[in-house]
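Okay, structure first, notes after.
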Amino acid sequence: MQYEAPETTKAAVSLLAAAKGSAYVLAGGSDLLVRMKGGFIEPDLVVDIKRIKPMREVKKTANGFVVGAAVSCAELGENKALVKAWPGVVEAANLIGSKQVQGRCTMAGNLCNASPAADSVPALVAAGAKAVVQGPKGKRSVPVEQIPVGPGKTSLKRGELIESLVLPARKPRSGDAYLRFIPRSEMDIAVVSAGVNLTLDAKGVITEARVALGAVAPTVLLVAAAARAIIGTRLDDAALEKLGQAASAACRPIDDKRGTVEFRTKVAAVLAKRAAKIAYSRAGGK
Ligand SMILES: Cc1cc2nc3c(=O)[nH]c(=O)nc-3n(C[C@H](O)[C@H](O)[C@H](O)COP(=O)(O)OP(=O)(O)OC[C@H]3O[C@@H](n4cnc5c(N)ncnc54)[C@H](O)[C@@H]3O)c2cc1C
């Protein structure tokens with residue numbers, strides 16, 4: 001196995017594109033190293049991106065926050081401006097594993113590992129985040145929901161990697177939230193999860209919303225019907241009821257030892273409603 005730690009994105013892309021055999025990006029390694037140790041994969045090439053300086057930075061620009069692909073989830077929690085603008089995204093990233101895991105793991109790695117239960121992904125999808133993908137053919141910007149295409153599979157082509165995740169500039173009176181259900185208090189995989197992001201007008205009426213659900217389908221779902229159910233409302237009981245119904249209707253979960261289809265479908269509604277209430281209050285709604 002060859003290990004490389006290039007200092008530029010261009011060099012990382014060249015290495016990945018020229019690789020003979022299987023090539024993997026290494027960010028925090030909290031998924032990759034576990035899979036290697038378990039013998040599930042045996043990479044011919046590992047490209048560590050942590051020495052690429054722009055990938056280690058969070059930048060605030062006129063268009064929002066650019067989160068480098070190698071920024072750890074712990075670093076996100078220490079960025080006050082990011083926490084203020086996107087509390088739901090940061091709380092999702094800070095639910096991953098333990099303090100030790102958070103010191104290593106990244107949101108881009110969470111996204112590219114392509115688990116339907118990945119914690120940061122519903123929050124990123126609800127936020128309308130874009131992945132900046134660099135590859136042999138240049139750069140493209142992709143909505144995060146289009147990166148995972150099935151459990152463990154992404155839409156990234158050979159030689160491509162995610163350079164950064166871009167969270168859009170915040171409009172006034174906006175808020176987001178992420179909630180997951182796990183049977184323990186931490187260190188577990190989401191049985192169901194929900195991310196909600198919304199914007200209000202001056203009267204507290206929701207003008208924009210995005211609702212995403214995790215662990216209820218092969219990939220994280222962006223549920224347009226759930227967003228429609230609350231747009232134009234002040235999140236009254238009738239709107240919440242419709243939101244819950246739309247969330248449950250979108251679920252296509254599996255039965256497994258961690259949760260049944262029936263349980264996941266029901267809890268998706270509960271979490272979507274609770275996350276919407278938190279997001280509404282964070283946006284200044286009363
Ligand atoms: C003890 C433990 C607890 C965990 N708990 C949780 C949890 O509660 N919730 C949760 O969602 N996950 C959990 N995980 C899984 C893991 O920590 C997360 O998925 C994490 O965000 C992965 O990030 P990473 O930087 O470590 O990724 P890595 O392991 O470095 O990479 C993961 C995958 O993505 C690819 N990749 C990484 N970065 C890029 C990039 N920039 N461009 C293209 N491909 C890339 C890698 O090649 C690899 O295939 C846990 C893992 C452990 C070991």
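Chain labels follow the order of the structure tokens: the first chain is A, the next B, and so on; residue numbering restarts at 1 in every chain, and ligands are counted from 1 in their shown order.
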
Residues up to 7 Å from ligand 1, counting only C-alpha atoms and all ligand atoms: could you list those as number ranges by chain? A: 24-34, 69-70, 95-98, 101, 104-113, 117-120, 160-163, 187-190

Suppose we keep N, CA, C and O atoms; can you now write the selection as a compact mmCIF listing (two decimals), in the first residue's frame?
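Final file, result_34.txt:
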# COMPACT_ATOMS: atom_id res chain seq x y z
N TYR A 24 -8.07 5.60 -2.10
CA TYR A 24 -8.99 6.21 -1.13
C TYR A 24 -8.41 7.50 -0.58
O TYR A 24 -7.20 7.59 -0.30
N VAL A 25 -9.31 8.46 -0.38
CA VAL A 25 -8.94 9.68 0.35
C VAL A 25 -8.97 9.35 1.84
O VAL A 25 -9.85 8.62 2.30
N LEU A 26 -7.99 9.89 2.57
CA LEU A 26 -7.98 9.74 4.03
C LEU A 26 -8.17 11.12 4.64
O LEU A 26 -7.35 12.01 4.44
N ALA A 27 -9.30 11.30 5.36
CA ALA A 27 -9.51 12.56 6.10
C ALA A 27 -9.23 12.25 7.56
O ALA A 27 -8.08 12.10 7.96
N GLY A 28 -10.27 12.07 8.38
CA GLY A 28 -10.05 11.70 9.78
C GLY A 28 -9.72 10.23 9.96
O GLY A 28 -9.15 9.82 10.95
N GLY A 29 -10.13 9.41 9.01
CA GLY A 29 -9.85 7.97 9.06
C GLY A 29 -10.78 7.18 9.98
O GLY A 29 -10.61 5.97 10.14
N SER A 30 -11.77 7.84 10.56
CA SER A 30 -12.61 7.13 11.54
C SER A 30 -13.55 6.11 10.90
O SER A 30 -14.10 5.26 11.59
N ASP A 31 -13.74 6.20 9.60
CA ASP A 31 -14.41 5.12 8.86
C ASP A 31 -13.38 4.30 8.09
O ASP A 31 -13.39 3.07 8.13
N LEU A 32 -12.49 5.00 7.39
CA LEU A 32 -11.57 4.31 6.48
C LEU A 32 -10.65 3.33 7.23
O LEU A 32 -10.51 2.17 6.83
N LEU A 33 -10.07 3.79 8.34
CA LEU A 33 -9.12 2.92 9.05
C LEU A 33 -9.84 1.73 9.68
O LEU A 33 -9.30 0.64 9.75
N VAL A 34 -11.10 1.96 10.11
CA VAL A 34 -11.88 0.85 10.70
C VAL A 34 -12.13 -0.21 9.63
O VAL A 34 -11.98 -1.41 9.87
N ALA A 69 -12.51 20.33 3.58
CA ALA A 69 -12.88 18.92 3.75
C ALA A 69 -12.13 18.22 4.87
O ALA A 69 -12.57 17.18 5.34
N ALA A 70 -11.01 18.80 5.31
CA ALA A 70 -10.24 18.13 6.38
C ALA A 70 -10.43 18.81 7.73
O ALA A 70 -9.71 18.50 8.68
N LEU A 95 -22.41 15.38 17.20
CA LEU A 95 -23.02 14.16 17.75
C LEU A 95 -22.25 12.92 17.30
O LEU A 95 -22.48 11.83 17.79
N ILE A 96 -21.37 13.10 16.32
CA ILE A 96 -20.66 11.94 15.75
C ILE A 96 -19.72 11.34 16.80
O ILE A 96 -18.86 12.04 17.33
N GLY A 97 -19.92 10.06 17.08
CA GLY A 97 -19.01 9.31 17.97
C GLY A 97 -18.81 9.96 19.32
O GLY A 97 -19.77 10.35 20.00
N SER A 98 -17.54 10.07 19.70
CA SER A 98 -17.16 10.60 21.01
C SER A 98 -16.26 11.81 20.80
O SER A 98 -15.95 12.17 19.67
N VAL A 101 -13.38 10.77 18.64
CA VAL A 101 -13.72 10.62 17.21
C VAL A 101 -13.89 12.01 16.59
O VAL A 101 -13.40 12.28 15.49
N ARG A 104 -11.02 13.91 15.15
CA ARG A 104 -10.47 13.42 13.87
C ARG A 104 -11.46 13.56 12.72
O ARG A 104 -11.09 13.94 11.62
N CYS A 105 -12.72 13.20 12.97
CA CYS A 105 -13.65 13.00 11.85
C CYS A 105 -14.07 14.32 11.21
O CYS A 105 -14.01 15.38 11.81
N THR A 106 -14.51 14.21 9.95
CA THR A 106 -14.91 15.39 9.17
C THR A 106 -16.32 15.19 8.62
O THR A 106 -16.79 14.05 8.49
N MET A 107 -16.95 16.31 8.26
CA MET A 107 -18.28 16.19 7.64
C MET A 107 -18.15 15.63 6.22
O MET A 107 -19.02 14.87 5.78
N ALA A 108 -17.08 16.00 5.51
CA ALA A 108 -16.91 15.48 4.14
C ALA A 108 -16.73 13.97 4.18
O ALA A 108 -17.26 13.24 3.33
N GLY A 109 -15.99 13.47 5.19
CA GLY A 109 -15.81 12.02 5.34
C GLY A 109 -17.13 11.35 5.67
O GLY A 109 -17.45 10.27 5.17
N ASN A 110 -17.91 11.99 6.52
CA ASN A 110 -19.24 11.48 6.89
C ASN A 110 -20.11 11.37 5.64
O ASN A 110 -20.80 10.36 5.43
N LEU A 111 -20.03 12.38 4.79
CA LEU A 111 -20.82 12.41 3.55
C LEU A 111 -20.33 11.32 2.57
O LEU A 111 -21.14 10.59 1.99
N CYS A 112 -19.01 11.22 2.42
CA CYS A 112 -18.45 10.28 1.42
C CYS A 112 -18.50 8.83 1.90
O CYS A 112 -18.43 7.91 1.09
N ASN A 113 -18.62 8.61 3.20
CA ASN A 113 -18.80 7.25 3.68
C ASN A 113 -20.17 6.71 3.27
O ASN A 113 -20.40 5.53 3.20
N ALA A 117 -27.38 6.61 7.65
CA ALA A 117 -27.56 7.08 9.03
C ALA A 117 -26.52 8.14 9.43
O ALA A 117 -26.46 8.52 10.59
N ALA A 118 -25.71 8.59 8.49
CA ALA A 118 -24.66 9.58 8.80
C ALA A 118 -25.28 10.82 9.45
O ALA A 118 -26.25 11.37 8.93
N ASP A 119 -24.72 11.24 10.57
CA ASP A 119 -25.39 12.30 11.34
C ASP A 119 -25.33 13.69 10.71
O ASP A 119 -26.29 14.44 10.80
N SER A 120 -24.19 14.05 10.10
CA SER A 120 -24.12 15.44 9.61
C SER A 120 -24.89 15.63 8.31
O SER A 120 -25.22 16.75 7.95
N GLU A 160 -11.77 12.02 -8.36
CA GLU A 160 -12.43 13.17 -7.75
C GLU A 160 -12.40 13.10 -6.21
O GLU A 160 -12.43 12.02 -5.63
N LEU A 161 -12.37 14.28 -5.62
CA LEU A 161 -12.51 14.37 -4.16
C LEU A 161 -13.28 15.63 -3.81
O LEU A 161 -13.44 16.52 -4.65
N ILE A 162 -13.77 15.68 -2.59
CA ILE A 162 -14.45 16.89 -2.11
C ILE A 162 -13.39 17.80 -1.48
O ILE A 162 -12.63 17.36 -0.61
N GLU A 163 -13.35 19.03 -1.97
CA GLU A 163 -12.38 20.00 -1.45
C GLU A 163 -12.97 20.75 -0.24
O GLU A 163 -12.30 21.01 0.74
N MET A 187 -22.57 7.59 21.23
CA MET A 187 -21.80 6.49 20.63
C MET A 187 -22.71 5.42 20.03
O MET A 187 -22.61 4.24 20.33
N ASP A 188 -23.67 5.86 19.23
CA ASP A 188 -24.54 4.91 18.56
C ASP A 188 -24.92 5.48 17.20
O ASP A 188 -24.73 6.67 16.95
N ILE A 189 -25.48 4.62 16.36
CA ILE A 189 -25.83 5.05 15.00
C ILE A 189 -27.31 5.42 14.99
O ILE A 189 -28.13 4.71 15.57
N ALA A 190 -27.63 6.53 14.30
CA ALA A 190 -29.02 7.00 14.27
C ALA A 190 -29.96 5.91 13.77
O ALA A 190 -29.72 5.29 12.73

Test item: residues at most 8 Å from Phe181 of chain A, only C-alpha atoms, excluding those fewer than 6 positions along its chain, as a VMD selection string: chain A and resid 190 to 193 267 271

Same residues, C-alpha atoms, output as a PDB file, in the first residue's frame:
ATOM      1  CA  ALA A 190     -29.021   7.002  14.274  1.00  0.00           C
ATOM      2  CA  VAL A 191     -32.090   4.771  14.060  1.00  0.00           C
ATOM      3  CA  VAL A 192     -33.947   7.767  12.586  1.00  0.00           C
ATOM      4  CA  SER A 193     -32.869  11.394  12.242  1.00  0.00           C
ATOM      5  CA  VAL A 267     -40.382   8.411  14.891  1.00  0.00           C
ATOM      6  CA  LEU A 271     -38.297  14.105  15.162  1.00  0.00           C
TER       7      LEU A 271
END

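Compared by their closest atoms to Val166 of chain A, and using only C-alpha atoms, the residues A:Lys130, A:Lys203, A:Lys37, A:Lys84 rank with A:Lys130 nearest.
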
Apply DSSP to the backbone of this structure and, from segment 126-273 of chain A, keep only the residues in strand (DSSP E); write these as a PyMOL selection string. chain A and resi 130-135+138-143+148-150+153-154+161-168+174-181+192-200+206-214+221-222

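You will find atom CA of Ile41 of chain A at 19.5 Å from atom CA of Val149 of chain A.
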
Tell me which of A:Ala194, A:Val13, A:Leu76, A:Val223 sits closest to Asn94 of chain A, counting only C-alpha atoms. A:Leu76

Near Val133 of chain A, counting only C-alpha atoms, which residues have an atom at most 10 Å away, once you skip same-chain residues fewer than 4 positions from it, shown as number ranges by chain? A: 138-142, 147, 156-157, 160-165

Among segment 38-256 of chain A, which ones does DSSP assign to alpha helix (DSSP H) (computed from the backbone)? Answer as number ranges by chain. A: 73-77, 80-85, 87-93, 99-102, 107-113, 120-127, 224-230, 237-250

Contact residues around segment 226-240 of chain A with only C-alpha atoms at 7 Å, ignoring same-chain residues under 3 positions, as a ChimeraX atom specification: /A:204-211,223,243-244,246-247,273

Could you check the closest approach to Ala177 of chain A for each of A:Ala272, A:Ala215, A:Val144, A:Ala129 and tell me which residue wins, using only C-alpha atoms?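 Selected residue with least distance to Ala177 of chain A: A:Ala272.
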
Rounded to one decimal, what separation in Å do you get between atom CA of Gly88 of chain A and atom CA of Ala127 of chain A? 8.6 Å

Residue nearest Ser174 of chain A among A:Ser155, A:Asn197, A:Gln102, A:Ser22 (counting only C-alpha atoms):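 The shortest atom-to-atom distance to Ser174 of chain A comes from A:Asn197.
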
Please list as a ChimeraX atom specification every residue within 9 Å of Pro43 of chain A, counting only C-alpha atoms and excluding residues in the same chain fewer than 2 positions away. /A:1-2,21-24,36,41,45-46

Can you tell me, as a PyMOL selection string, what residues are no more than 9 Å from Glu4 of chain A when counting only C-alpha atoms, ignoring any on the same chain fewer than 4 positions away? chain A and resi 12+15+45-49

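Atom pair atom CA of Leu167 of chain A / atom CA of Leu200 of chain A has a distance of 18.4 Å (rounded to one decimal).
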